[in-house]
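**Q** The structure that follows is given in the form of structure tokens.
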Amino acid sequence: MGIIVSVLSGKGGTGKTSVCAGLATALARHGQKVLCVDLDVGLRNLDIALGMSGEPVLSFADVSEGEARLEDAATHPRIPGLQLLTAPIGRQPEELNAPAFRKMLLRARRHFDYVLLDAPAGVGTGFRLAAENASIQLLVTGPDPGALRDGARTGEILELMGKEDVRLVVNRVNPKLYASMRLTVDDVMDCVGYRLLGLVPEDHHVTLAAAGDKALLEYTHRGAAAAIERIALRLSGHSVPMQKLK
């Protein structure tokens with residue numbers, strides 16, 4: 001049975017979707033069968049981060065409500081094993097059929113090694129729909145003290161929901177700034193209080209890849225792409241040393 005991972009953030013602007021897309025791409029390139037599900041109703045953009053903006057993509061509501069088959073989820077044109085279901089248009093999050101969505105994910109676990117749920121920012125309906133159905137909660141936060149505090153609060157909400165496996169990704173890190181502040185990896189972990197899965201540096205290639213309709217790992221293997229590769233390996237159970245903040 002496959003593993004369902006929710007990719008969450010307590011606030012917008014953390015780069016959560018780019019992390020989700022990068023992890024999905026890395027896992028698929030390592031031979032895993034991966035399904036990405038965009039839960040950001042009204043603001044969907046996971047297709048752009050995956051380099052699939054030109055592909056016809058079914059919504060997860062089409063599949064969960066029986067209007068289409070799970071097997072018909074859009075397949076990445078250049079990365080075998082990577083498929084996508086996007087968020088439906090013209091619905092409010094409160095209108096989603098949660099029981100049908102849950103049943104769809106049970107089917108997906110039989111067909112895919114990983115199902116990544118890209119939740120909307122905040123802690124509303126989409127956040128809870130993702131968290132409730134995942135066994136691993138991947139909390140993406142920014143590098144500044146305020147964002148880390150928001151990340152800690154979001155983690156507390158997950159704990160109140162009974163979620164125990166919460167892992168942290170700090171995105172858009174400026175290593176030189178961290179060094180000047182004399183912050184270490186241990187400091188980051190102590191600030192939020194959750195297992196640190198990885199640090200992703202600020203990288204303009206994320207924007208350039210999306211502008212070229214390519215996944216980040218198709219565009220480059222350095223910077224943020226290399227960091228996400230390491231995170232994907234850790235998520236898969238491999239022991240990979242944590243990179244230093246330089």
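By convention in this document, the chains of the structure tokens carry letters A, B, ... by their order, each chain's residues are numbered from 1, and ligands are numbered from 1 in the order they are shown.
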If you take only C-alpha atoms and a cut-off of 9 Å, which residues of stretch 146-182 of chain A touch stretch 202-225 of chain A, and what are their nearest atom pairs and distances in Å to one decimal, in chain and number order, as CSV?

**A**
```
residue,atom,partner,partner_atom,distance
A:Asn171,CA,A:Glu202,CA,7.2
A:Arg172,CA,A:Glu202,CA,3.9
A:Val173,CA,A:Glu202,CA,5.2
A:Asn174,CA,A:Glu202,CA,5.9
A:Pro175,CA,A:Glu202,CA,8.6
```

**Q** Any chance you could export the current selection's all heavy atoms as a PDB file, in the first residue's frame?

**A**
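out-v1.pdb was written with the following content:
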```pdb
ATOM      1  N   ASN A 171      11.863  26.304   3.860  1.00  0.00           N
ATOM      2  CA  ASN A 171      12.065  26.662   2.463  1.00  0.00           C
ATOM      3  C   ASN A 171      12.553  28.102   2.337  1.00  0.00           C
ATOM      4  O   ASN A 171      12.364  28.920   3.241  1.00  0.00           O
ATOM      5  CB  ASN A 171      10.736  26.488   1.711  1.00  0.00           C
ATOM      6  CG  ASN A 171      10.914  26.528   0.194  1.00  0.00           C
ATOM      7  OD1 ASN A 171      11.964  26.187  -0.323  1.00  0.00           O
ATOM      8  ND2 ASN A 171       9.870  26.942  -0.502  1.00  0.00           N
ATOM      9  N   ARG A 172      13.194  28.378   1.204  1.00  0.00           N
ATOM     10  CA  ARG A 172      13.660  29.725   0.868  1.00  0.00           C
ATOM     11  C   ARG A 172      14.665  30.262   1.885  1.00  0.00           C
ATOM     12  O   ARG A 172      14.614  31.427   2.298  1.00  0.00           O
ATOM     13  CB  ARG A 172      12.479  30.681   0.712  1.00  0.00           C
ATOM     14  CG  ARG A 172      11.583  30.311  -0.470  1.00  0.00           C
ATOM     15  CD  ARG A 172      10.384  31.202  -0.589  1.00  0.00           C
ATOM     16  NE  ARG A 172       9.660  30.906  -1.820  1.00  0.00           N
ATOM     17  CZ  ARG A 172       8.440  31.371  -2.111  1.00  0.00           C
ATOM     18  NH1 ARG A 172       7.815  32.147  -1.249  1.00  0.00           N
ATOM     19  NH2 ARG A 172       7.856  31.066  -3.246  1.00  0.00           N
ATOM     20  N   VAL A 173      15.577  29.399   2.284  1.00  0.00           N
ATOM     21  CA  VAL A 173      16.603  29.772   3.253  1.00  0.00           C
ATOM     22  C   VAL A 173      17.714  30.551   2.562  1.00  0.00           C
ATOM     23  O   VAL A 173      18.185  30.166   1.486  1.00  0.00           O
ATOM     24  CB  VAL A 173      17.189  28.509   3.918  1.00  0.00           C
ATOM     25  CG1 VAL A 173      18.370  28.870   4.806  1.00  0.00           C
ATOM     26  CG2 VAL A 173      16.114  27.780   4.708  1.00  0.00           C
ATOM     27  N   ASN A 174      18.143  31.620   3.179  1.00  0.00           N
ATOM     28  CA  ASN A 174      19.323  32.362   2.725  1.00  0.00           C
ATOM     29  C   ASN A 174      20.485  31.956   3.627  1.00  0.00           C
ATOM     30  O   ASN A 174      20.591  32.420   4.766  1.00  0.00           O
ATOM     31  CB  ASN A 174      19.077  33.873   2.823  1.00  0.00           C
ATOM     32  CG  ASN A 174      20.242  34.690   2.283  1.00  0.00           C
ATOM     33  OD1 ASN A 174      21.402  34.329   2.437  1.00  0.00           O
ATOM     34  ND2 ASN A 174      19.919  35.818   1.649  1.00  0.00           N
ATOM     35  N   PRO A 175      21.357  31.056   3.161  1.00  0.00           N
ATOM     36  CA  PRO A 175      22.414  30.528   4.034  1.00  0.00           C
ATOM     37  C   PRO A 175      23.314  31.607   4.633  1.00  0.00           C
ATOM     38  O   PRO A 175      23.703  31.506   5.794  1.00  0.00           O
ATOM     39  CB  PRO A 175      23.206  29.605   3.100  1.00  0.00           C
ATOM     40  CG  PRO A 175      22.227  29.211   2.042  1.00  0.00           C
ATOM     41  CD  PRO A 175      21.369  30.431   1.819  1.00  0.00           C
TER      42      PRO A 175
END
```

**Q** Hey, what's within 9 Å of A:Arg110 if we count only C-alpha atoms and toss same-chain stuff fewer than 4 positions away? As number ranges by chain, please?

**A** A: 1-2, 105-106

**Q** Using only C-alpha atoms, which of A:Ala119, A:Val5, A:Ala130, A:Val166 sits nearest A:Thr17?

**A** A:Ala119

**Q** Considering only C-alpha atoms, can you say which of A:Val34, A:Leu85, A:Leu148, A:Ala98 comes closest to A:Gly10?

**A** A:Leu148

**Q** Residues within 8 Å of A:Ala68, please, as a PyMOL selection string. Count only C-alpha atoms; anything in the same chain fewer than 5 positions from it doesn't count.

**A** chain A and resi 58+62-63

**Q** Selection from above, C-alpha atoms, as a short mmCIF file (atom, residue, chain, number, x, y, z; two decimals), in the first residue's frame, can you write it?

**A**
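The new file out_35.cif reads:
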```
data_model
loop_
_atom_site.label_atom_id
_atom_site.label_comp_id
_atom_site.auth_asym_id
_atom_site.auth_seq_id
_atom_site.Cartn_x
_atom_site.Cartn_y
_atom_site.Cartn_z
CA LEU A 58 -8.86 15.94 -14.49
CA ASP A 62 -14.26 14.13 -11.26
CA VAL A 63 -12.57 10.95 -10.06
#
```

**Q** Within stretch 9-147 of chain A, find each residue whose DSSP state, derived from the backbone, is alpha helix (DSSP H), and express the selection as a PyMOL selection string.

**A** chain A and resi 16-29+46-49+60-64+98-111+125-132+145-147

**Q** Here is a test: counting only C-alpha atoms, which residue of A:Ala134, A:Ile48, A:Val37, A:Leu196 is nearest to A:Gly151?

**A**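 Closest to A:Gly151, using only C-alpha atoms: A:Leu196.
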
**Q** Report as an NGL selection string: the residues of stretch 8-194 of chain A with a DSSP assignment of strand (DSSP E), based on the backbone of this structure.

**A** :A and (8 or 34-38 or 74-75 or 82-85 or 114-118 or 136-141 or 166-173)

**Q** Would you kindly return, as a list in words, each protein, DNA or RNA residue with an atom no farther than 12 Å from any atom of A:Met161, considering only C-alpha atoms and excluding same-chain residues fewer than 5 positions away?

**A**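 Once the nearby chain positions are removed, what remains is Val123, Phe127, Arg128, Leu129, Ala130, Ala131, Glu132, Asn133, Ala134, Gln137, Thr154, Gly155, Glu156 and Val166 of chain A.
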
**Q** Work out how far atom CA of A:Ile4 is from atom CA of A:Ile89, in Å to one decimal.

**A**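 Those two atoms sit 23.6 Å apart.
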
**Q** Could you work out how far atom CA of A:Ile228 lies from atom CA of A:Val200, giving the answer in Å with one decimal?

**A** 6.8 Å

**Q** Quick one: residues within 12 Å of A:His238, only C-alpha atoms counted, chain neighbours fewer than 5 positions away excluded, as a list in words?

**A** Leu197, Glu229, Arg230, Ile231, Ala232 and Leu233 of chain A
